[in-house]
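Shown below: data-v5.pdb, with PDB, C-alpha atoms, pLDDT in the B column.
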```
ATOM      1  CA  MET D   1     -75.045 192.158  76.808  1.00 54.00           C
ATOM      2  CA  ALA D   2     -75.930 195.435  78.480  1.00 63.00           C
ATOM      3  CA  THR D   3     -79.558 196.287  78.912  1.00 70.00           C
ATOM      4  CA  LEU D   4     -80.720 199.849  78.764  1.00 64.00           C
ATOM      5  CA  SER D   5     -83.636 201.243  80.659  1.00 69.00           C
ATOM      6  CA  TRP D   6     -86.433 203.055  78.914  1.00 64.00           C
ATOM      7  CA  LYS D   7     -85.200 206.418  80.212  1.00 67.00           C
ATOM      8  CA  GLU D   8     -81.691 205.812  78.854  1.00 69.00           C
ATOM      9  CA  ILE D   9     -83.031 204.885  75.440  1.00 66.00           C
ATOM     10  CA  LYS D  10     -85.234 207.953  75.415  1.00 62.00           C
ATOM     11  CA  GLN D  11     -82.331 210.237  76.385  1.00 64.00           C
ATOM     12  CA  LYS D  12     -80.021 208.749  73.740  1.00 64.00           C
ATOM     13  CA  THR D  13     -82.571 209.087  70.982  1.00 63.00           C
ATOM     14  CA  ARG D  14     -83.680 212.609  71.931  1.00 61.00           C
ATOM     15  CA  PRO D  15     -82.351 215.050  69.344  1.00 55.00           C
ATOM     16  CA  HIS D  16     -80.176 217.853  70.676  1.00 54.00           C
ATOM     17  CA  ASN D  17     -80.321 221.192  68.886  1.00 50.00           C
ATOM     18  CA  ASN D  18     -81.966 219.647  65.862  1.00 52.00           C
ATOM     19  CA  PRO D  19     -83.058 222.309  63.330  1.00 51.00           C
ATOM     20  CA  LEU D  20     -86.292 220.396  62.803  1.00 55.00           C
ATOM     21  CA  ASN D  21     -87.342 221.142  66.388  1.00 56.00           C
ATOM     22  CA  GLU D  22     -87.605 224.856  65.597  1.00 53.00           C
ATOM     23  CA  ASN D  23     -90.932 224.254  63.903  1.00 64.00           C
ATOM     24  CA  SER D  24     -92.182 221.756  66.476  1.00 72.00           C
ATOM     25  CA  SER D  25     -94.792 224.137  67.869  1.00 74.00           C
ATOM     26  CA  GLU D  26     -96.165 224.688  64.358  1.00 76.00           C
ATOM     27  CA  VAL D  27     -96.252 220.962  63.733  1.00 75.00           C
ATOM     28  CA  SER D  28     -97.892 220.399  67.093  1.00 78.00           C
ATOM     29  CA  ASN D  29    -100.567 222.989  66.314  1.00 79.00           C
ATOM     30  CA  LEU D  30    -101.236 221.401  62.933  1.00 80.00           C
ATOM     31  CA  GLU D  31    -101.483 217.959  64.513  1.00 82.00           C
ATOM     32  CA  ASN D  32    -103.968 219.262  67.079  1.00 82.00           C
ATOM     33  CA  GLU D  33    -106.026 220.931  64.361  1.00 84.00           C
ATOM     34  CA  ILE D  34    -106.083 217.777  62.225  1.00 86.00           C
ATOM     35  CA  GLU D  35    -107.060 215.671  65.237  1.00 84.00           C
ATOM     36  CA  LYS D  36    -109.875 218.086  66.087  1.00 84.00           C
ATOM     37  CA  LYS D  37    -111.217 217.984  62.502  1.00 83.00           C
ATOM     38  CA  PHE D  38    -110.975 214.203  62.467  1.00 82.00           C
ATOM     39  CA  LYS D  39    -112.985 213.931  65.685  1.00 80.00           C
ATOM     40  CA  GLU D  40    -115.639 216.293  64.315  1.00 79.00           C
ATOM     41  CA  LYS D  41    -115.879 214.258  61.112  1.00 82.00           C
ATOM     42  CA  GLU D  42    -116.060 211.012  63.098  1.00 79.00           C
ATOM     43  CA  HIS D  43    -118.819 212.450  65.311  1.00 77.00           C
ATOM     44  CA  SER D  44    -120.880 213.498  62.302  1.00 81.00           C
ATOM     45  CA  ALA D  45    -120.415 210.055  60.724  1.00 80.00           C
ATOM     46  CA  ARG D  46    -121.505 208.309  63.941  1.00 80.00           C
ATOM     47  CA  SER D  47    -124.510 210.596  64.248  1.00 82.00           C
ATOM     48  CA  TRP D  48    -125.531 210.058  60.617  1.00 86.00           C
ATOM     49  CA  LEU D  49    -125.143 206.282  60.905  1.00 84.00           C
ATOM     50  CA  THR D  50    -127.221 206.081  64.074  1.00 84.00           C
ATOM     51  CA  THR D  51    -129.963 208.395  62.856  1.00 87.00           C
ATOM     52  CA  THR D  52    -130.237 206.665  59.493  1.00 90.00           C
ATOM     53  CA  PHE D  53    -130.379 203.186  61.006  1.00 88.00           C
ATOM     54  CA  ILE D  54    -133.044 204.082  63.583  1.00 89.00           C
ATOM     55  CA  LEU D  55    -135.106 205.999  61.032  1.00 92.00           C
ATOM     56  CA  GLY D  56    -134.844 203.090  58.587  1.00 92.00           C
ATOM     57  CA  LEU D  57    -135.904 200.620  61.274  1.00 91.00           C
ATOM     58  CA  PHE D  58    -139.018 202.639  62.132  1.00 92.00           C
ATOM     59  CA  ILE D  59    -139.896 203.055  58.456  1.00 95.00           C
ATOM     60  CA  LEU D  60    -139.499 199.288  57.990  1.00 94.00           C
ATOM     61  CA  ILE D  61    -141.824 198.621  60.948  1.00 93.00           C
ATOM     62  CA  ILE D  62    -144.444 201.020  59.550  1.00 95.00           C
ATOM     63  CA  LEU D  63    -144.180 199.433  56.091  1.00 95.00           C
ATOM     64  CA  ALA D  64    -144.564 196.012  57.688  1.00 95.00           C
ATOM     65  CA  GLY D  65    -147.833 197.161  59.244  1.00 95.00           C
ATOM     66  CA  PHE D  66    -149.126 198.248  55.846  1.00 96.00           C
ATOM     67  CA  TYR D  67    -147.950 194.977  54.306  1.00 96.00           C
ATOM     68  CA  VAL D  68    -149.855 192.926  56.906  1.00 96.00           C
ATOM     69  CA  VAL D  69    -153.061 194.819  56.121  1.00 96.00           C
ATOM     70  CA  TYR D  70    -152.487 194.477  52.346  1.00 96.00           C
ATOM     71  CA  TYR D  71    -151.694 190.763  52.566  1.00 95.00           C
ATOM     72  CA  ASN D  72    -154.679 189.963  54.789  1.00 94.00           C
ATOM     73  CA  GLU D  73    -157.048 191.913  52.515  1.00 95.00           C
ATOM     74  CA  ASN D  74    -155.790 189.958  49.485  1.00 93.00           C
ATOM     75  CA  VAL D  75    -156.167 186.605  51.248  1.00 92.00           C
ATOM     76  CA  LEU D  76    -159.707 187.573  52.234  1.00 91.00           C
ATOM     77  CA  ALA D  77    -160.532 188.751  48.694  1.00 91.00           C
ATOM     78  CA  ILE D  78    -159.199 185.525  47.176  1.00 88.00           C
ATOM     79  CA  SER D  79    -161.192 183.416  49.619  1.00 87.00           C
ATOM     80  CA  LEU D  80    -164.386 185.375  48.823  1.00 88.00           C
ATOM     81  CA  LYS D  81    -163.842 184.964  45.063  1.00 90.00           C
ATOM     82  CA  LEU D  82    -163.343 181.231  45.525  1.00 86.00           C
ATOM     83  CA  LYS D  83    -166.551 180.996  47.572  1.00 86.00           C
ATOM     84  CA  GLU D  84    -168.462 182.931  44.884  1.00 89.00           C
ATOM     85  CA  SER D  85    -167.104 180.557  42.241  1.00 89.00           C
ATOM     86  CA  ASN D  86    -168.253 177.539  44.311  1.00 86.00           C
ATOM     87  CA  ILE D  87    -164.725 176.224  44.617  1.00 83.00           C
ATOM     88  CA  ASP D  88    -164.043 174.204  47.730  1.00 82.00           C
ATOM     89  CA  LEU D  89    -161.725 176.042  50.032  1.00 78.00           C
ATOM     90  CA  ASP D  90    -159.698 174.421  52.751  1.00 79.00           C
ATOM     91  CA  THR D  91    -159.767 176.952  55.571  1.00 74.00           C
ATOM     92  CA  ALA D  92    -156.541 175.524  56.966  1.00 76.00           C
ATOM     93  CA  SER D  93    -154.731 176.665  53.828  1.00 78.00           C
ATOM     94  CA  LEU D  94    -155.631 180.299  54.503  1.00 82.00           C
ATOM     95  CA  LYS D  95    -152.786 181.885  56.366  1.00 87.00           C
ATOM     96  CA  PHE D  96    -153.345 185.349  57.735  1.00 90.00           C
ATOM     97  CA  LEU D  97    -150.406 187.350  58.974  1.00 90.00           C
ATOM     98  CA  SER D  98    -150.311 188.954  62.363  1.00 91.00           C
ATOM     99  CA  PHE D  99    -148.401 192.147  62.960  1.00 92.00           C
ATOM    100  CA  ASP D 100    -146.875 190.619  66.086  1.00 92.00           C
ATOM    101  CA  SER D 101    -145.094 187.909  64.134  1.00 91.00           C
ATOM    102  CA  ILE D 102    -143.831 190.326  61.456  1.00 92.00           C
ATOM    103  CA  PHE D 103    -142.696 192.841  64.082  1.00 91.00           C
ATOM    104  CA  SER D 104    -140.939 190.077  65.988  1.00 91.00           C
ATOM    105  CA  LEU D 105    -139.173 188.954  62.816  1.00 91.00           C
ATOM    106  CA  ILE D 106    -138.012 192.487  61.989  1.00 91.00           C
ATOM    107  CA  PHE D 107    -136.916 193.337  65.501  1.00 88.00           C
ATOM    108  CA  ASN D 108    -135.090 190.035  65.995  1.00 89.00           C
ATOM    109  CA  SER D 109    -133.282 190.596  62.703  1.00 88.00           C
ATOM    110  CA  PHE D 110    -132.299 194.198  63.367  1.00 87.00           C
ATOM    111  CA  GLY D 111    -132.198 194.268  67.178  1.00 83.00           C
ATOM    112  CA  THR D 112    -128.575 193.184  67.480  1.00 83.00           C
ATOM    113  CA  PRO D 113    -127.299 195.645  64.886  1.00 84.00           C
ATOM    114  CA  LEU D 114    -129.425 198.320  66.553  1.00 83.00           C
ATOM    115  CA  GLY D 115    -127.669 197.652  69.859  1.00 83.00           C
ATOM    116  CA  PHE D 116    -124.305 197.814  68.138  1.00 83.00           C
ATOM    117  CA  ILE D 117    -125.128 201.067  66.353  1.00 81.00           C
ATOM    118  CA  ILE D 118    -126.434 202.769  69.486  1.00 79.00           C
ATOM    119  CA  GLY D 119    -123.481 201.496  71.512  1.00 80.00           C
ATOM    120  CA  TYR D 120    -121.112 202.785  68.829  1.00 73.00           C
ATOM    121  CA  TYR D 121    -122.794 206.192  68.922  1.00 72.00           C
ATOM    122  CA  PHE D 122    -122.764 206.538  72.708  1.00 73.00           C
ATOM    123  CA  LYS D 123    -119.215 205.210  72.971  1.00 70.00           C
ATOM    124  CA  GLU D 124    -118.115 208.445  71.335  1.00 58.00           C
ATOM    125  CA  LYS D 125    -120.276 210.485  73.730  1.00 58.00           C
ATOM    126  CA  VAL D 126    -118.600 208.898  76.764  1.00 57.00           C
ATOM    127  CA  THR D 127    -115.058 209.334  75.452  1.00 56.00           C
ATOM    128  CA  LYS D 128    -115.515 213.088  74.946  1.00 54.00           C
TER     129      LYS D 128
END
```
Render the structure in this file as structure tokens.
Amino acid sequence: MATLSWKEIKQKTRPHNNPLNENSSEVSNLENEIEKKFKEKEHSARSWLTTTFILGLFILIILAGFYVVYYNENVLAISLKLKESNIDLDTASLKFLSFDSIFSLIFNSFGTPLGFIIGYYFKEKVTK
């Protein structure tokens, strides 16, 4: 069995005077144009994804801060109403939230995807 080198295979499969090669420069230009448009579209998608994720994360952190204040006010209001009604209240059952714990929960949940999203965005920047 005879083995052919890569160069021999390439030379044997190269078309000679093929009428389709007459338009090869046109095809090449169209391919380059399509590739350029694809890269632009991909860049805008990466940018949108990154911006939306980061903006959503900051909005979620801000909303968490408001939720902590709202929750703690309600726990305090309930405890005051129980005291006014002379109902025994176990102070150990009152659980106040701290922003640190909520922030830690949010950031631990979304920190890994945030790293992926930012890495995905800057990967495109480096390959340009």
Just give me the gap between CA of Leu55 (chain D) and CA of Tyr70 (chain D) in Å, one decimal is fine. 22.6 Å
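Between CA of Leu97 (chain D) and CA of Tyr71 (chain D) the separation is 7.4 Å.
All residues of protein, DNA or RNA that reach within 8 Å of region 108-114 of chain D, judged by all atoms listed in the file and not counting those fewer than 4 positions away in the chain, are Phe53, Ile54, Leu57, Ser104 and Ile118 of chain D.
Considering the residues D:Ile78, D:Ile34, D:Ile87, D:Ile106 and counting only C-alpha atoms, Leu63 (chain D) has its shortest atom-to-atom contact with D:Ile106.
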